[in-house]
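Engineer: Submitted below is the structure of interest, expressed as structure tokens.
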Amino acid sequence: MFSILRSMGLTFLHAFHKRDTIQYPEEKAKLFPRWRGRIVLTRDPDMGERCVGCYLCAAACPVDCISLQATEDETGRRYPEFFRINFSRCIFCGFCEEACPTYAIQLIPDFEMAEYNRQNLVYEKKDLLINSQGKYLGYNYYKVAGMAIGGKGKGEAINENPPVDVKSLIP
Amino acid sequence: MATIYIDNVPYEVKPGKNLLEACLTLGINLPYFCWHPAMGSVGACRQCAVKVFKDEADTKGRLIMSCMEPVRDNIRLSVDEPEAKEFREHVIEWLMTNHPHDCAVCDEGGACHLQDMTVMSGHNYRRYEYKKRTYQNQYLGPFLNHEMNRCIQCYRCVRFYKDYAGGHDLDVFAAHNHVYFGRHENGVLENEFSGNLAEVCPTGVFTDKTLKQHYTRKWDLTMAPSVCQHCSLGCNISAGERYGSLRQITSRYNGEVNGYFICDRGRFGYEFVNSPARIRKALVRTHLPEAVTKEVALQEIWGELRQARLIGIGSPRASLESNFALKALVGENNFHLGVDENDQDLVDLSLKILRKGPARNFSLREVETADAVFILGEDLTNTAPMLALAVRQSVRQQPLAQVAQASIPFWQDAAARELVQDKKGPLFIASITATKLDEIATATAHASPDAIARLGFAVANLISENSPVVTHLSEAEETMAQQIADALKTAKKPLIISGCASGSEAVLKAAANIAGALCEQVKTAGIVLTVPECNSLGLAMLGGHRLESAFEAIQNGYADSVIILENNLYRCANKTAVDSFLGHAKEVLVLDHLHHATTEKARIVLPAGTFAEADGTLVNNEGRAQRFYQVYPTPEDLQESWRWLINIGTSLRHPVLSNWKNLDDINQALAEADNQFKGILAAAPPAEFRIAGQKIPRESHRFSGRTAMNAHHAVSEPKPPEDPDTPLTFTMEGYRGEPPSSIIPFFWSPGWNSIQSVNKYQEEIGGHLHHGDPGIRLIEPVQTNLTHYFSEVPEDFAPLQNHLFMVPLYHIFGSEEQSILAPGIAQRAPEPYVAICEADAHALQLKEGNNLDFSLEHQIIRLPVKINNDITKGTAGLPKGLPGVPYAELPAWAIILKQETTWKHQPQIIS
Ligand code: SF4
Ligand code: SF4
Ligand code: SF4
Ligand code: SF4
Ligand code: FES
């Protein structure tokens, strides 16, 4: 009996607490940077496309809603020829972001993606690629990878010696 | 059997192997790099370390390299011992100090032995802080990509390329901690087996350049077990598709056929499947537009063929099922083999020799173990490449006996090669021109086909008196014949190789006589005959009339319409004859996958699936029936030729064909109709085959993107495609364990993502696959004591004034009809030419590159001259099948036209 009265009392007191419900959409929810919402493809500090088309995000995706095709520019830099996410399947688990070795794919605090037509939830690269580094600043995969690309020859990556002269026998 | 103790558990293993092989055979995961089952051990990488103990009481033990230590009875070793584990972890850490941060952009990733071994050894965090060594890469041609930074110095590439495949232009340069694996300068890797480097190299240094152009990870490929279509050997391959195009061919291990490797034609020729010249829609020429749906096409065919007197022309590059379906549709009497007259005779003769002769038709595996080889009239590197690779191994057999005598196990590769040095077992080659194998031959003769046959007959006569005598041999020929006969007679497992490439029946007969004569003495003598196409032998077994009689049938009104199955007649008969034939036929219906001169003349063209879009069975030169499987589902309009034929049969209410529904029905009917084909039912499991109630998936469990790949067309996923013909699914659902050997779509095992996972599928490392290698031999030799000898010894070749005797020459890249459509292969193909010797050129006042005009079978041909002094005087070599070289039945006499003759005809381009 006492516990029932106590519960009623506590419930009643809530009427005087600060409200958690907000007047969405007039008032926006405060989301943190690591909130897992809409997926974007980011760019490196030099504004080059970060994604190298390694397919790891696609492999990690538990609902298989990422599909892409890797290709190369004339200098050997890899990038996705197309990159498609079917958001009608995505469960916003963030595995793709975790798998991505280049910080290209990121989940951002935006969830306002509702559509009347499910087909519109299929995002292509033009819908995904943003002009920003997203939340991971400063990382440029090609600066640490050994592949030569336009503007970066062999031996010019971070922590690399200049290419070996194979004709030399000097130790 | 020897007992070994691994971590105190006793195991029975085969003696003579090394501990690494023993562990892997037992299914124990032990990392390795430099050891390769086909190439043995050199102990270069130190990755396979284990602890060995003196006896039970020994707790300290010592570290050894398991790949260098032979299995000994009662040896005690430990794989899991902490010090051994730590050692392996350190080794990989050292190997990785210079490794680039490349996995994301590395084509090897996901199928990388280095990744697998790193994970297996437990190295996961980079502690080395200093700078990485880097290298410049090289351009290596259209087939391979080079990324030297990723090298771990295991030396497998050079050991394969130089020691195993006999290549000359890949080597190791520089010294100590910056050795470099590449060519002396940028340039095309010349060896015909270079593509195997992509599989042999455990890292991403050498990768498939054609794959790079449409890069897909192994886990994303839809794969099916397939059989190479580019020569008669029928090497086993795995074909992988993504987004509707074929992406990659890898070797599929078959312990009896190709083993671990395939040739570059087989690996890189696949791109014809993605060619713009593909026929993708049914075409009815009288319609506007020409492209029609399947229903309209079938309606049209019904209208036209209902009343027609029909003949059918089969194809040596189409499956047994498709050929049999056509034969059943048009009737036995109206079925013609779509091969050139001479080829038909030669293949029939080959079949007869294999069937009636006493010698066993060796598989490629057996060829490797032959200890004396005589090749007659074949340039193997260009006609049956993997056979050339097998012969390269066979010349090691005799020297290896010496290695065994010195108590060195044969897999101790460095020691064995050191002992053997340049010694080679007996290999004799009699060929039309110099071949790549000449460099390892004991003696060679370059001669006209007739002279080759005479040499062969002479050898046979020296081995057995019962074989006919050859008269008027030159002294050199006699000496050589004696030398060959002696070598073959003293060998334990002598082998005769010949085939249809020289275009001469006499050569085949000579080969048969030698093999027969040897069998009188050595019962283990073998014979291998190459045939022109991937299913030539199957077609010959099926049997049918000549192409010529098909032409006559139309000409004299016996028939009025023709169905041509996967065949460009302009490649197997004279242009005028084909023109008139196609012109006179009322209805010409062609089923094929590529546009060519014949489809152009057809009134109805049906799109047939290539090997990647069809199921079927091929019979290789060994008489082995092997099944290939459709790789990916195709739109309805593109289907197997045999399915089109069933559709046509059904619409025409054919009593037999209308009862067939799928591949198994045809095979069942074929096995019932013809005793020779009884075995094919066992070549692969039927469509109802299930394991634990499940089919076998063509896709890996990591296959990605299936809810997105078609989402741009329609966001709701379509129903997964079904496969009514095979026990395989086109999806990732199904049984995940090991399927029967003939339906393994790809090799994969937990922790083993690269092709090295094949270890897990073998009964014994480098031996047969579990439950036997794929394929069923349909031809076995007869056991007889009475050898039948051919008696027609030809006269020696004599030059003719104003004439040249045209003999066929072959090119691995260029002579085969389909692979030449792959851009990489086309880049490696030579320009058209005619090869004559210096003396003839001089007499004709021609220099290298000058045009030679000649008339061959009523065609006037002009081709630039290539001087080749290995060509017999009075003969000339004409590259067969090469685009730009018109078809002619070879060998044949050509009339040399006066060089000032006005030029009338351009050489027609065969396409
Ligand atoms: S994991 Fe990252 S780099 Fe790789 S394909 Fe996905 S987004 Fe691109
Ligand atoms: S070779 Fe293997 S480990 Fe090295 S970068 Fe390529 S995938 Fe990664
Ligand atoms: S290139 Fe490959 S095969 Fe050759 S040594 Fe380096 S890692 Fe080994
Ligand atoms: S040897 Fe012949 S069957 Fe084998 S891979 Fe080469 S072309 Fe194909
Ligand atoms: S595999 Fe044994 S040392 Fe390399």
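Going by the structure tokens order, chains are called A, B, ..., each with residues numbered from 1, while ligands are numbered from 1 in the order shown.
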Residues within 9 Å of ligand 2 (only C-alpha atoms and all ligand atoms), as a PyMOL selection string?

Structural biologist: (chain A and resi 146) or (chain B and resi 96+99-116+118+149-152+202-205)

Engineer: Restricting it to N, CA and C atoms, dump the selection as a tab-separated table (two decimals), in the first residue's frame.

Structural biologist:
```tsv
chain	number	residue	atom	x	y	z
A	146	GLY	N	52.23	3.31	-49.44
A	146	GLY	CA	53.42	3.21	-50.29
A	146	GLY	C	53.17	3.43	-51.77
B	96	MET	N	57.75	-7.39	-41.81
B	96	MET	CA	56.81	-6.28	-41.96
B	96	MET	C	57.43	-4.92	-41.71
B	99	HIS	N	57.15	-3.10	-44.76
B	99	HIS	CA	55.95	-3.31	-45.58
B	99	HIS	C	55.11	-2.04	-45.64
B	100	PRO	N	54.67	-1.67	-46.84
B	100	PRO	CA	53.90	-0.43	-46.96
B	100	PRO	C	52.52	-0.57	-46.35
B	101	HIS	N	51.94	0.59	-46.06
B	101	HIS	CA	50.61	0.65	-45.47
B	101	HIS	C	49.60	0.61	-46.63
B	102	ASP	N	49.55	-0.52	-47.32
B	102	ASP	CA	48.89	-0.58	-48.63
B	102	ASP	C	47.64	-1.43	-48.72
B	103	CYS	N	47.36	-2.22	-47.71
B	103	CYS	CA	46.27	-3.21	-47.87
B	103	CYS	C	45.02	-2.64	-48.52
B	104	ALA	N	44.68	-1.40	-48.18
B	104	ALA	CA	43.43	-0.83	-48.69
B	104	ALA	C	43.47	-0.65	-50.20
B	105	VAL	N	44.66	-0.40	-50.74
B	105	VAL	CA	44.74	-0.17	-52.18
B	105	VAL	C	45.50	-1.31	-52.87
B	106	CYS	N	45.67	-2.41	-52.16
B	106	CYS	CA	46.45	-3.52	-52.71
B	106	CYS	C	45.51	-4.58	-53.27
B	107	ASP	N	45.77	-4.97	-54.51
B	107	ASP	CA	44.87	-5.93	-55.16
B	107	ASP	C	44.94	-7.31	-54.52
B	108	GLU	N	45.96	-7.55	-53.75
B	108	GLU	CA	46.08	-8.85	-53.12
B	108	GLU	C	45.15	-8.95	-51.91
B	109	GLY	N	44.82	-7.80	-51.34
B	109	GLY	CA	44.06	-7.77	-50.09
B	109	GLY	C	42.80	-8.62	-50.14
B	110	GLY	N	42.60	-9.40	-49.09
B	110	GLY	CA	41.44	-10.28	-49.05
B	110	GLY	C	41.75	-11.64	-49.62
B	111	ALA	N	42.87	-11.73	-50.35
B	111	ALA	CA	43.30	-13.04	-50.85
B	111	ALA	C	44.82	-13.07	-50.71
B	112	CYS	N	45.30	-12.52	-49.60
B	112	CYS	CA	46.73	-12.29	-49.43
B	112	CYS	C	47.30	-13.28	-48.43
B	113	HIS	N	48.27	-14.02	-48.88
B	113	HIS	CA	48.90	-15.00	-48.00
B	113	HIS	C	49.65	-14.29	-46.87
B	114	LEU	N	50.22	-13.14	-47.19
B	114	LEU	CA	50.93	-12.40	-46.15
B	114	LEU	C	49.98	-11.93	-45.05
B	115	GLN	N	48.83	-11.43	-45.46
B	115	GLN	CA	47.82	-11.05	-44.45
B	115	GLN	C	47.48	-12.26	-43.59
B	116	ASP	N	47.20	-13.37	-44.24
B	116	ASP	CA	46.79	-14.57	-43.51
B	116	ASP	C	47.87	-15.03	-42.52
B	118	THR	N	50.29	-13.28	-41.29
B	118	THR	CA	50.51	-12.30	-40.22
B	118	THR	C	49.50	-12.53	-39.11
B	149	ASN	N	57.41	-2.49	-53.40
B	149	ASN	CA	57.46	-2.18	-51.96
B	149	ASN	C	56.93	-3.31	-51.09
B	150	ARG	N	56.04	-4.13	-51.67
B	150	ARG	CA	55.36	-5.13	-50.85
B	150	ARG	C	56.13	-6.43	-50.71
B	151	CYS	N	57.31	-6.49	-51.29
B	151	CYS	CA	58.05	-7.75	-51.35
B	151	CYS	C	58.57	-8.16	-49.97
B	152	ILE	N	58.51	-9.46	-49.70
B	152	ILE	CA	59.07	-9.98	-48.46
B	152	ILE	C	60.26	-10.90	-48.72
B	202	PRO	N	53.38	-14.51	-52.63
B	202	PRO	CA	52.45	-14.50	-51.50
B	202	PRO	C	51.98	-13.10	-51.13
B	203	THR	N	52.48	-12.09	-51.82
B	203	THR	CA	52.11	-10.71	-51.51
B	203	THR	C	51.56	-10.03	-52.76
B	204	GLY	N	51.37	-8.74	-52.65
B	204	GLY	CA	50.80	-8.00	-53.78
B	204	GLY	C	51.84	-7.38	-54.69
B	205	VAL	N	53.03	-7.98	-54.78
B	205	VAL	CA	54.03	-7.44	-55.70
B	205	VAL	C	53.60	-7.67	-57.14
```

Engineer: For the helix (DSSP H, G or I) assignment from backbone DSSP, which residues of stretch 251-300 of chain B qualify? Please present them as a PyMOL selection string.

Structural biologist: chain B and resi 264-274+294-300

Engineer: Could you save those same residues with C-alpha atoms as a PDB file, in the first residue's frame?

Structural biologist:
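Produced file result.pdb, reproduced below:
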```pdb
ATOM      1  CA  ASP B 264      48.659 -16.800 -69.710  1.00  0.00           C
ATOM      2  CA  ARG B 265      46.263 -17.501 -72.559  1.00  0.00           C
ATOM      3  CA  GLY B 266      44.008 -19.282 -70.107  1.00  0.00           C
ATOM      4  CA  ARG B 267      44.328 -16.659 -67.405  1.00  0.00           C
ATOM      5  CA  PHE B 268      44.028 -13.513 -69.476  1.00  0.00           C
ATOM      6  CA  GLY B 269      42.027 -14.666 -72.494  1.00  0.00           C
ATOM      7  CA  TYR B 270      38.754 -14.364 -70.619  1.00  0.00           C
ATOM      8  CA  GLU B 271      38.057 -10.786 -71.614  1.00  0.00           C
ATOM      9  CA  PHE B 272      36.372 -11.858 -74.840  1.00  0.00           C
ATOM     10  CA  VAL B 273      33.387 -12.523 -72.596  1.00  0.00           C
ATOM     11  CA  ASN B 274      33.124  -8.786 -71.894  1.00  0.00           C
ATOM     12  CA  LYS B 294      13.344 -14.646 -77.274  1.00  0.00           C
ATOM     13  CA  GLU B 295       9.655 -15.320 -77.992  1.00  0.00           C
ATOM     14  CA  VAL B 296       9.655 -13.480 -81.293  1.00  0.00           C
ATOM     15  CA  ALA B 297      12.856 -15.239 -82.337  1.00  0.00           C
ATOM     16  CA  LEU B 298      11.440 -18.655 -81.491  1.00  0.00           C
ATOM     17  CA  GLN B 299       8.228 -17.804 -83.319  1.00  0.00           C
ATOM     18  CA  GLU B 300      10.218 -16.805 -86.349  1.00  0.00           C
TER      19      GLU B 300
END
```

Engineer: Enumerate residues in contact with ligand 5: an atom-to-atom distance of at most 7 Å, counting only C-alpha atoms and all ligand atoms. Format the result as JSON, numbers by chain.

Structural biologist: {"B": [32, 33, 34, 35, 41, 42, 43, 44, 45, 46, 47, 48, 49, 65, 66, 67, 68]}

Engineer: Write down as a list in words the residues belonging to stretch 3-157 of chain A that are assigned strand (DSSP E or B) by DSSP computed on the backbone.

Structural biologist: Ile39, Val40, Leu41, Arg43, Glu49, Ile66, Ser67, Leu68, Gln69, Ala70, Thr71, Glu72, Arg78, Tyr79, Pro80, Glu81, Phe82, Phe83, Arg84, Ile85, Asn86, Ile105, Gln106, Leu107, Val122, Tyr123, Leu129, Ile149 and Lys152 of chain A

Engineer: Residues within 7 Å of ligand 1 should be enumerated using only C-alpha atoms and all ligand atoms and returned as a PDB file with N, CA and C atoms, in the first residue's frame.

Structural biologist:
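Writing the result to pocket29.pdb gives the following:
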```pdb
ATOM      1  N   LEU A  41      30.705  10.567 -47.188  1.00  0.00           N
ATOM      2  CA  LEU A  41      32.078  10.296 -47.614  1.00  0.00           C
ATOM      3  C   LEU A  41      32.833  11.609 -47.498  1.00  0.00           C
ATOM      4  N   ARG A  50      38.726  10.931 -49.996  1.00  0.00           N
ATOM      5  CA  ARG A  50      39.417  10.038 -49.076  1.00  0.00           C
ATOM      6  C   ARG A  50      39.219   8.561 -49.445  1.00  0.00           C
ATOM      7  N   CYS A  51      38.029   8.239 -49.897  1.00  0.00           N
ATOM      8  CA  CYS A  51      37.741   6.818 -50.158  1.00  0.00           C
ATOM      9  C   CYS A  51      38.669   6.282 -51.244  1.00  0.00           C
ATOM     10  N   VAL A  52      39.257   5.133 -50.982  1.00  0.00           N
ATOM     11  CA  VAL A  52      40.162   4.521 -51.949  1.00  0.00           C
ATOM     12  C   VAL A  52      39.536   3.282 -52.587  1.00  0.00           C
ATOM     13  N   GLY A  53      38.272   3.053 -52.298  1.00  0.00           N
ATOM     14  CA  GLY A  53      37.586   1.917 -52.917  1.00  0.00           C
ATOM     15  C   GLY A  53      38.128   0.579 -52.475  1.00  0.00           C
ATOM     16  N   CYS A  54      38.320   0.429 -51.156  1.00  0.00           N
ATOM     17  CA  CYS A  54      38.918  -0.814 -50.683  1.00  0.00           C
ATOM     18  C   CYS A  54      37.878  -1.894 -50.400  1.00  0.00           C
ATOM     19  N   TYR A  55      36.645  -1.549 -50.405  1.00  0.00           N
ATOM     20  CA  TYR A  55      35.530  -2.487 -50.207  1.00  0.00           C
ATOM     21  C   TYR A  55      35.382  -2.999 -48.770  1.00  0.00           C
ATOM     22  N   LEU A  56      36.143  -2.456 -47.845  1.00  0.00           N
ATOM     23  CA  LEU A  56      36.053  -3.002 -46.488  1.00  0.00           C
ATOM     24  C   LEU A  56      34.725  -2.634 -45.826  1.00  0.00           C
ATOM     25  N   CYS A  57      34.263  -1.395 -46.077  1.00  0.00           N
ATOM     26  CA  CYS A  57      32.985  -1.002 -45.481  1.00  0.00           C
ATOM     27  C   CYS A  57      31.877  -1.909 -45.989  1.00  0.00           C
ATOM     28  N   ALA A  58      31.922  -2.186 -47.312  1.00  0.00           N
ATOM     29  CA  ALA A  58      30.896  -3.036 -47.909  1.00  0.00           C
ATOM     30  C   ALA A  58      30.918  -4.425 -47.277  1.00  0.00           C
ATOM     31  N   CYS A  96      30.724   0.229 -40.895  1.00  0.00           N
ATOM     32  CA  CYS A  96      31.480   0.683 -42.066  1.00  0.00           C
ATOM     33  C   CYS A  96      32.529   1.691 -41.629  1.00  0.00           C
ATOM     34  N   ALA A  99      35.338  -0.013 -40.028  1.00  0.00           N
ATOM     35  CA  ALA A  99      36.177  -0.795 -40.939  1.00  0.00           C
ATOM     36  C   ALA A  99      37.049   0.086 -41.812  1.00  0.00           C
ATOM     37  N   CYS A 100      36.633   1.312 -42.034  1.00  0.00           N
ATOM     38  CA  CYS A 100      37.290   2.141 -43.043  1.00  0.00           C
ATOM     39  C   CYS A 100      38.718   2.501 -42.645  1.00  0.00           C
ATOM     40  N   PRO A 101      39.695   2.134 -43.455  1.00  0.00           N
ATOM     41  CA  PRO A 101      41.088   2.413 -43.115  1.00  0.00           C
ATOM     42  C   PRO A 101      41.502   3.842 -43.445  1.00  0.00           C
ATOM     43  N   THR A 102      40.629   4.618 -44.050  1.00  0.00           N
ATOM     44  CA  THR A 102      41.037   5.949 -44.491  1.00  0.00           C
ATOM     45  C   THR A 102      40.217   7.055 -43.861  1.00  0.00           C
ATOM     46  N   TYR A 103      39.321   6.737 -42.944  1.00  0.00           N
ATOM     47  CA  TYR A 103      38.406   7.704 -42.339  1.00  0.00           C
ATOM     48  C   TYR A 103      37.473   8.319 -43.366  1.00  0.00           C
ATOM     49  N   ALA A 104      37.293   7.664 -44.488  1.00  0.00           N
ATOM     50  CA  ALA A 104      36.472   8.266 -45.538  1.00  0.00           C
ATOM     51  C   ALA A 104      35.002   8.230 -45.167  1.00  0.00           C
ATOM     52  N   ILE A 105      34.562   7.088 -44.740  1.00  0.00           N
ATOM     53  CA  ILE A 105      33.129   6.943 -44.504  1.00  0.00           C
ATOM     54  C   ILE A 105      32.862   7.262 -43.041  1.00  0.00           C
TER      55      ILE A 105
ATOM     56  N   ALA B 104      44.684  -1.400 -48.177  1.00  0.00           N
ATOM     57  CA  ALA B 104      43.434  -0.830 -48.690  1.00  0.00           C
ATOM     58  C   ALA B 104      43.470  -0.648 -50.197  1.00  0.00           C
TER      59      ALA B 104
END
```

Engineer: Compute the set of chain B residues within 8 Å of chain A, using only C-alpha atoms, and express it as a ChimeraX atom specification.

Structural biologist: /B:100-102,104-105,130-136,147,149,173-176,178-180,213-217,702-709,711-712,714-715

Engineer: Extract, using only C-alpha atoms, all DNA, RNA and protein residues at most 8 Å from B:Leu638, discarding same-chain residues fewer than 3 positions from it, and format them as JSON, numbers by chain.

Structural biologist: {"B": [280, 281, 607, 608, 609, 634, 635]}

Engineer: Contacts of B:Tyr11 at 10 Å or less, counting only C-alpha atoms, minus same-chain residues fewer than 4 places along, as a ChimeraX atom specification?

Structural biologist: /B:1-6,22-23,26,74

Engineer: Go ahead and write the residues just picked, N, CA and C atoms, as a compact mmCIF listing (two decimals), in the first residue's frame.

Structural biologist:
```
# COMPACT_ATOMS: atom_id res chain seq x y z
N MET B 1 54.56 -46.12 -43.58
CA MET B 1 54.08 -44.98 -42.80
C MET B 1 54.99 -44.73 -41.61
N ALA B 2 55.19 -43.47 -41.31
CA ALA B 2 56.01 -43.12 -40.15
C ALA B 2 55.12 -42.50 -39.08
N THR B 3 55.50 -42.67 -37.84
CA THR B 3 54.74 -42.04 -36.76
C THR B 3 55.50 -40.80 -36.32
N ILE B 4 54.82 -39.69 -36.30
CA ILE B 4 55.46 -38.49 -35.76
C ILE B 4 54.59 -37.97 -34.62
N TYR B 5 55.23 -37.30 -33.69
CA TYR B 5 54.48 -36.75 -32.55
C TYR B 5 54.47 -35.25 -32.68
N ILE B 6 53.29 -34.71 -32.85
CA ILE B 6 53.17 -33.25 -32.91
C ILE B 6 52.48 -32.83 -31.63
N ALA B 22 53.84 -32.40 -43.87
CA ALA B 22 53.15 -33.36 -43.01
C ALA B 22 52.13 -32.63 -42.13
N CYS B 23 52.55 -31.51 -41.54
CA CYS B 23 51.64 -30.74 -40.69
C CYS B 23 50.45 -30.24 -41.48
N LEU B 26 48.00 -32.82 -42.32
CA LEU B 26 47.19 -33.18 -41.16
C LEU B 26 46.20 -32.08 -40.78
N ASN B 74 59.11 -41.49 -35.42
CA ASN B 74 59.21 -41.14 -34.01
C ASN B 74 59.78 -39.76 -33.73
```

Engineer: If we count only C-alpha atoms and set the cut-off at 12 Å, which residues sit around B:Ser78, ignoring sequence neighbours fewer than 4 positions away in its own chain? Please answer as a ChimeraX atom specification.

Structural biologist: /B:4-10,19-20,23,28,30,48-54,56,58-66,82-85

Engineer: Can you tell me which residues sit at most 9 Å away from ligand 4, counting only C-alpha atoms and all ligand atoms, written as a PyMOL selection string?

Structural biologist: chain B and resi 192-193+227-237+251+257-258+261-267+269+381-389+534+620+812+816+819

Engineer: Got a sec: who's within 10 Å of stretch 393-396 of chain B, counting only C-alpha atoms, leaving out chain neighbours fewer than 6 positions off, as an NGL selection string?

Structural biologist: :B and (163-166 or 365-373 or 387 or 417 or 420 or 422-427 or 440-442 or 495)

Engineer: For the residues selected in the previous step, produce a file with C-alpha atoms as a PDB file, in the first residue's frame.

Structural biologist:
```
ATOM      1  CA  ASP B 163      63.558 -22.696 -62.337  1.00  0.00           C
ATOM      2  CA  TYR B 164      60.076 -24.007 -62.858  1.00  0.00           C
ATOM      3  CA  ALA B 165      58.856 -22.244 -66.001  1.00  0.00           C
ATOM      4  CA  GLY B 166      62.192 -21.685 -67.704  1.00  0.00           C
ATOM      5  CA  ARG B 365      50.566 -34.989 -64.044  1.00  0.00           C
ATOM      6  CA  GLU B 366      51.942 -38.168 -65.581  1.00  0.00           C
ATOM      7  CA  VAL B 367      53.793 -36.157 -68.210  1.00  0.00           C
ATOM      8  CA  GLU B 368      55.714 -34.449 -65.397  1.00  0.00           C
ATOM      9  CA  THR B 369      56.959 -37.831 -64.227  1.00  0.00           C
ATOM     10  CA  ALA B 370      58.037 -39.155 -67.645  1.00  0.00           C
ATOM     11  CA  ASP B 371      61.780 -39.688 -67.834  1.00  0.00           C
ATOM     12  CA  ALA B 372      62.339 -39.557 -71.586  1.00  0.00           C
ATOM     13  CA  VAL B 373      60.251 -37.551 -73.994  1.00  0.00           C
ATOM     14  CA  LEU B 387      51.973 -29.416 -71.661  1.00  0.00           C
ATOM     15  CA  ARG B 417      69.376 -28.055 -58.164  1.00  0.00           C
ATOM     16  CA  VAL B 420      71.868 -31.501 -60.789  1.00  0.00           C
ATOM     17  CA  ASP B 422      72.403 -28.126 -65.901  1.00  0.00           C
ATOM     18  CA  LYS B 423      71.882 -31.831 -66.379  1.00  0.00           C
ATOM     19  CA  LYS B 424      68.706 -32.665 -68.193  1.00  0.00           C
ATOM     20  CA  GLY B 425      66.957 -35.911 -68.889  1.00  0.00           C
ATOM     21  CA  PRO B 426      66.429 -36.963 -72.496  1.00  0.00           C
ATOM     22  CA  LEU B 427      64.084 -34.761 -74.486  1.00  0.00           C
ATOM     23  CA  ILE B 440      66.211 -27.887 -72.759  1.00  0.00           C
ATOM     24  CA  ALA B 441      66.237 -30.579 -75.437  1.00  0.00           C
ATOM     25  CA  THR B 442      68.941 -33.185 -75.828  1.00  0.00           C
ATOM     26  CA  LEU B 495      56.562 -40.569 -73.429  1.00  0.00           C
TER      27      LEU B 495
END
```

Engineer: Mind checking which residues fall within 8 Å of A:Met47, counting only C-alpha atoms, ignoring those fewer than 3 positions away in the same chain, and posting them as a VMD selection string?

Structural biologist: chain A and resid 43 to 44 131 to 133

Engineer: Smallest atom-to-atom distance to ligand 3: which of B:Leu24, B:Met148, B:Ile92, B:Cys500, using only C-alpha atoms and all ligand atoms?

Structural biologist: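 For ligand 3, the nearest of the candidates is B:Met148.
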
Engineer: Can you work out the spacing between atom CA of B:Asn323 and atom CA of B:Ala673 in Å, to one decimal?

Structural biologist: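 Computed distance, atom CA of B:Asn323 to atom CA of B:Ala673, equals 13.6 Å.
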
Engineer: Compare B:Gln630, B:Ser245, B:Thr250, B:Thr207 by their minimum atom-to-atom distance to ligand 3, counting only C-alpha atoms and all ligand atoms, and give me the closest one.

Structural biologist: B:Thr207
